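S.K.: Contents are mmCIF, C-alpha atoms; file name my_file32.cif:
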data_entry
#
loop_
_atom_site.label_atom_id
_atom_site.label_comp_id
_atom_site.auth_asym_id
_atom_site.auth_seq_id
_atom_site.Cartn_x
_atom_site.Cartn_y
_atom_site.Cartn_z
CA MET A 1 -70.92 35.39 -78.84
CA GLY A 2 -68.73 37.92 -80.55
CA ASN A 3 -68.58 38.76 -84.20
CA GLY A 4 -64.84 38.14 -84.50
CA LYS A 5 -63.75 41.79 -84.66
CA SER A 6 -60.88 41.35 -82.21
CA SER A 7 -59.72 38.18 -83.92
CA LEU A 8 -59.68 39.86 -87.32
CA ILE A 9 -57.84 42.88 -85.93
CA SER A 10 -55.21 40.58 -84.39
CA LEU A 11 -54.67 38.79 -87.70
CA ILE A 12 -54.27 42.08 -89.55
CA GLU A 13 -51.84 43.41 -86.93
CA LYS A 14 -49.69 40.30 -87.27
CA GLU A 15 -49.52 40.85 -91.04
CA PHE A 16 -48.47 44.48 -90.56
CA GLU A 17 -45.82 43.51 -88.03
CA ALA A 18 -44.25 41.19 -90.62
CA LEU A 19 -43.79 44.03 -93.14
CA PRO A 20 -41.04 46.65 -93.07
CA LEU A 21 -43.15 49.80 -92.67
CA GLU A 22 -40.53 52.45 -91.98
CA GLU A 23 -42.57 55.40 -93.28
CA THR A 24 -46.00 54.27 -92.15
CA LEU A 25 -48.08 55.29 -89.16
CA HIS A 26 -49.87 52.50 -87.39
CA LEU A 27 -53.04 53.70 -85.74
CA LYS A 28 -55.20 51.24 -83.86
CA PHE A 29 -58.65 52.78 -83.91
CA LEU A 30 -61.63 50.80 -82.66
CA PRO A 31 -64.78 52.79 -83.51
CA TYR A 32 -67.11 50.22 -82.00
CA LEU A 33 -65.85 51.21 -78.53
CA ASN A 34 -67.42 54.68 -78.89
CA HIS A 35 -71.09 55.31 -78.37
CA ASN A 36 -71.99 58.06 -80.80
CA GLU A 37 -70.83 59.62 -84.03
CA ASN A 38 -69.29 62.70 -82.40
CA ASP A 39 -67.17 60.49 -80.15
CA ILE A 40 -66.05 58.36 -83.11
CA ILE A 41 -65.01 61.38 -85.16
CA SER A 42 -63.32 63.09 -82.24
CA GLU A 43 -61.47 60.02 -80.97
CA PHE A 44 -60.17 59.13 -84.45
CA PHE A 45 -58.67 62.56 -85.01
CA ILE A 46 -57.27 62.75 -81.46
CA GLN A 47 -55.49 59.43 -81.95
CA LEU A 48 -54.25 60.42 -85.40
CA SER A 49 -53.02 63.77 -84.09
CA SER A 50 -51.23 62.07 -81.21
CA GLU A 51 -49.35 59.73 -83.54
CA VAL A 52 -48.48 62.50 -86.00
CA ASN A 53 -47.30 64.73 -83.15
CA LYS A 54 -44.29 62.43 -82.71
CA TYR A 55 -43.07 63.72 -86.09
CA SER A 56 -44.69 67.12 -86.58
CA GLY A 57 -46.38 69.28 -83.95
CA LYS A 58 -47.62 71.69 -86.60
CA LEU A 59 -49.33 68.95 -88.63
CA SER A 60 -50.74 67.49 -85.42
CA ASN A 61 -52.38 70.85 -84.61
CA GLN A 62 -53.74 71.11 -88.15
CA ILE A 63 -55.37 67.69 -87.76
CA ILE A 64 -57.14 68.88 -84.60
CA ASP A 65 -58.30 72.04 -86.39
CA TYR A 66 -59.59 69.87 -89.24
CA SER A 67 -61.36 67.63 -86.74
CA ASP A 68 -63.10 70.64 -85.19
CA LYS A 69 -64.35 71.64 -88.64
CA ILE A 70 -65.59 68.13 -89.41
CA LEU A 71 -67.45 67.98 -86.10
CA LYS A 72 -69.03 71.36 -86.79
CA ILE A 73 -70.23 70.17 -90.21
CA TYR A 74 -71.71 67.08 -88.60
CA LYS A 75 -73.38 69.10 -85.84
CA ASP A 76 -74.68 71.97 -87.98
CA LYS A 77 -75.45 69.87 -91.08
CA SER A 78 -73.84 72.69 -93.08
CA ILE A 79 -70.60 72.82 -95.03
CA LYS A 80 -70.44 76.61 -95.41
CA ASP A 81 -67.87 77.21 -92.64
CA PHE A 82 -65.64 74.32 -93.71
CA PHE A 83 -63.84 76.30 -96.38
CA TYR A 84 -63.19 79.34 -94.20
CA TYR A 85 -59.52 79.40 -93.26
CA GLN A 86 -58.18 81.61 -90.48
#
Re-express the file's structure as structure tokens.
M.R.:
Amino acid sequence: MGNGKSSLISLIEKEFEALPLEETLHLKFLPYLNHNENDIISEFFIQLSSEVNKYSGKLSNQIIDYSDKILKIYKDKSIKDFFYYQ
């Protein structure tokens, strides 16, 4: 038996659909479909970047750059390179 994740997500989506959200991005991200932390982080930022790209290619690219930095922090267990900006 399931835990009701899909049912809860469906209920929440119906609530969002009923609201006028003209300046809101709707991103359906299901982390439990990924198998490890790197995949979860990467997939979230890829989906976010894809949605943002519809409005701003520059911001979309910045999200991917940010994602790369987050993944590096996770991999290296060090924050020292996070604040370096090229």
S.K.: Spell out the residues picked by the PyMOL selection byres ((chain A and resi 48) around 12) here, as number ranges by chain.
M.R.: A: 25-29, 41-47, 49-57, 59-64, 66-67
S.K.: Could you jot down the atom CA of A:Ile40 to atom CA of A:Ile70 separation for me, Å, one decimal place?
M.R.: 11.6 Å
S.K.: Which distance in Å separates atom CA of A:Lys14 and atom CA of A:Pro31, to one decimal?
M.R.: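 So the two atoms, atom CA of A:Lys14 and atom CA of A:Pro31, lie 19.9 Å apart.
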S.K.: May I ask for the distance between atom CA of A:Lys69 and atom CA of A:Glu37, given in Å to one decimal place?
M.R.: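 Interatomic distance, atom CA of A:Lys69 to atom CA of A:Glu37: 14.4 Å.
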S.K.: Could you give me the axis-aligned bounding box of stretch 53-67 of chain A, with 3 Å of padding per side, as centre plus edge lengths in Å to one decimal, as lines of an AutoDock Vina configuration file?
M.R.:
center_x = -52.2
center_y = 67.2
center_z = -86.0
size_x = 24.3
size_y = 15.6
size_z = 12.5
S.K.: Some atoms are missing, so please complete stretch 10-36 of chain A with N, CA and C atoms and return it as an mmCIF file, in the frame of the given file.
M.R.:
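Written out: part.cif:
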data_model
loop_
_atom_site.group_PDB
_atom_site.id
_atom_site.type_symbol
_atom_site.label_atom_id
_atom_site.label_comp_id
_atom_site.auth_asym_id
_atom_site.auth_seq_id
_atom_site.Cartn_x
_atom_site.Cartn_y
_atom_site.Cartn_z
ATOM 1 N N SER A 10 -56.467 41.237 -84.763
ATOM 2 C CA SER A 10 -55.210 40.580 -84.390
ATOM 3 C C SER A 10 -54.506 39.980 -85.600
ATOM 4 N N LEU A 11 -55.262 39.361 -86.488
ATOM 5 C CA LEU A 11 -54.670 38.790 -87.700
ATOM 6 C C LEU A 11 -54.059 39.875 -88.587
ATOM 7 N N ILE A 12 -54.768 40.972 -88.740
ATOM 8 C CA ILE A 12 -54.270 42.080 -89.550
ATOM 9 C C ILE A 12 -53.016 42.681 -88.931
ATOM 10 N N GLU A 13 -53.018 42.870 -87.612
ATOM 11 C CA GLU A 13 -51.840 43.410 -86.930
ATOM 12 C C GLU A 13 -50.619 42.524 -87.118
ATOM 13 N N LYS A 14 -50.806 41.215 -87.069
ATOM 14 C CA LYS A 14 -49.690 40.300 -87.270
ATOM 15 C C LYS A 14 -49.114 40.444 -88.678
ATOM 16 N N GLU A 15 -49.975 40.647 -89.666
ATOM 17 C CA GLU A 15 -49.520 40.850 -91.040
ATOM 18 C C GLU A 15 -48.711 42.145 -91.152
ATOM 19 N N PHE A 16 -49.194 43.212 -90.530
ATOM 20 C CA PHE A 16 -48.470 44.480 -90.560
ATOM 21 C C PHE A 16 -47.123 44.376 -89.873
ATOM 22 N N GLU A 17 -47.066 43.660 -88.770
ATOM 23 C CA GLU A 17 -45.820 43.510 -88.030
ATOM 24 C C GLU A 17 -44.759 42.782 -88.857
ATOM 25 N N ALA A 18 -45.177 41.953 -89.797
ATOM 26 C CA ALA A 18 -44.250 41.190 -90.620
ATOM 27 C C ALA A 18 -43.669 42.012 -91.765
ATOM 28 N N LEU A 19 -44.242 43.186 -92.031
ATOM 29 C CA LEU A 19 -43.790 44.030 -93.140
ATOM 30 C C LEU A 19 -42.875 45.145 -92.635
ATOM 31 N N PRO A 20 -41.879 45.511 -93.440
ATOM 32 C CA PRO A 20 -41.040 46.650 -93.070
ATOM 33 C C PRO A 20 -41.752 47.969 -93.412
ATOM 34 N N LEU A 21 -42.352 48.591 -92.442
ATOM 35 C CA LEU A 21 -43.150 49.800 -92.670
ATOM 36 C C LEU A 21 -42.462 51.003 -92.036
ATOM 37 N N GLU A 22 -41.326 51.383 -92.572
ATOM 38 C CA GLU A 22 -40.530 52.450 -91.980
ATOM 39 C C GLU A 22 -41.209 53.819 -92.046
ATOM 40 N N GLU A 23 -41.961 54.083 -93.105
ATOM 41 C CA GLU A 23 -42.570 55.400 -93.280
ATOM 42 C C GLU A 23 -44.087 55.325 -93.178
ATOM 43 N N THR A 24 -44.558 54.481 -92.296
ATOM 44 C CA THR A 24 -46.000 54.270 -92.150
ATOM 45 C C THR A 24 -46.405 54.470 -90.694
ATOM 46 N N LEU A 25 -47.509 55.160 -90.502
ATOM 47 C CA LEU A 25 -48.080 55.290 -89.160
ATOM 48 C C LEU A 25 -49.031 54.125 -88.921
ATOM 49 N N HIS A 26 -48.942 53.560 -87.760
ATOM 50 C CA HIS A 26 -49.870 52.500 -87.390
ATOM 51 C C HIS A 26 -50.794 53.049 -86.322
ATOM 52 N N LEU A 27 -52.052 53.138 -86.655
ATOM 53 C CA LEU A 27 -53.040 53.700 -85.740
ATOM 54 C C LEU A 27 -54.092 52.638 -85.467
ATOM 55 N N LYS A 28 -54.191 52.226 -84.234
ATOM 56 C CA LYS A 28 -55.200 51.240 -83.860
ATOM 57 C C LYS A 28 -56.427 51.995 -83.368
ATOM 58 N N PHE A 29 -57.425 52.049 -84.225
ATOM 59 C CA PHE A 29 -58.650 52.780 -83.910
ATOM 60 C C PHE A 29 -59.811 51.794 -83.907
ATOM 61 N N LEU A 30 -60.525 51.743 -82.810
ATOM 62 C CA LEU A 30 -61.630 50.800 -82.660
ATOM 63 C C LEU A 30 -62.939 51.571 -82.489
ATOM 64 N N PRO A 31 -63.598 51.925 -83.589
ATOM 65 C CA PRO A 31 -64.780 52.790 -83.510
ATOM 66 C C PRO A 31 -65.940 52.175 -82.743
ATOM 67 N N TYR A 32 -65.995 50.857 -82.689
ATOM 68 C CA TYR A 32 -67.110 50.220 -82.000
ATOM 69 C C TYR A 32 -67.043 50.388 -80.481
ATOM 70 N N LEU A 33 -65.951 50.950 -79.967
ATOM 71 C CA LEU A 33 -65.850 51.210 -78.530
ATOM 72 C C LEU A 33 -66.500 52.538 -78.145
ATOM 73 N N ASN A 34 -66.787 53.386 -79.143
ATOM 74 C CA ASN A 34 -67.420 54.680 -78.890
ATOM 75 C C ASN A 34 -68.929 54.543 -79.054
ATOM 76 N N HIS A 35 -69.648 55.445 -78.412
ATOM 77 C CA HIS A 35 -71.090 55.310 -78.370
ATOM 78 C C HIS A 35 -71.858 56.167 -79.347
ATOM 79 N N ASN A 36 -71.266 57.221 -79.847
ATOM 80 C CA ASN A 36 -71.990 58.060 -80.800
ATOM 81 C C ASN A 36 -71.041 58.597 -81.861
#
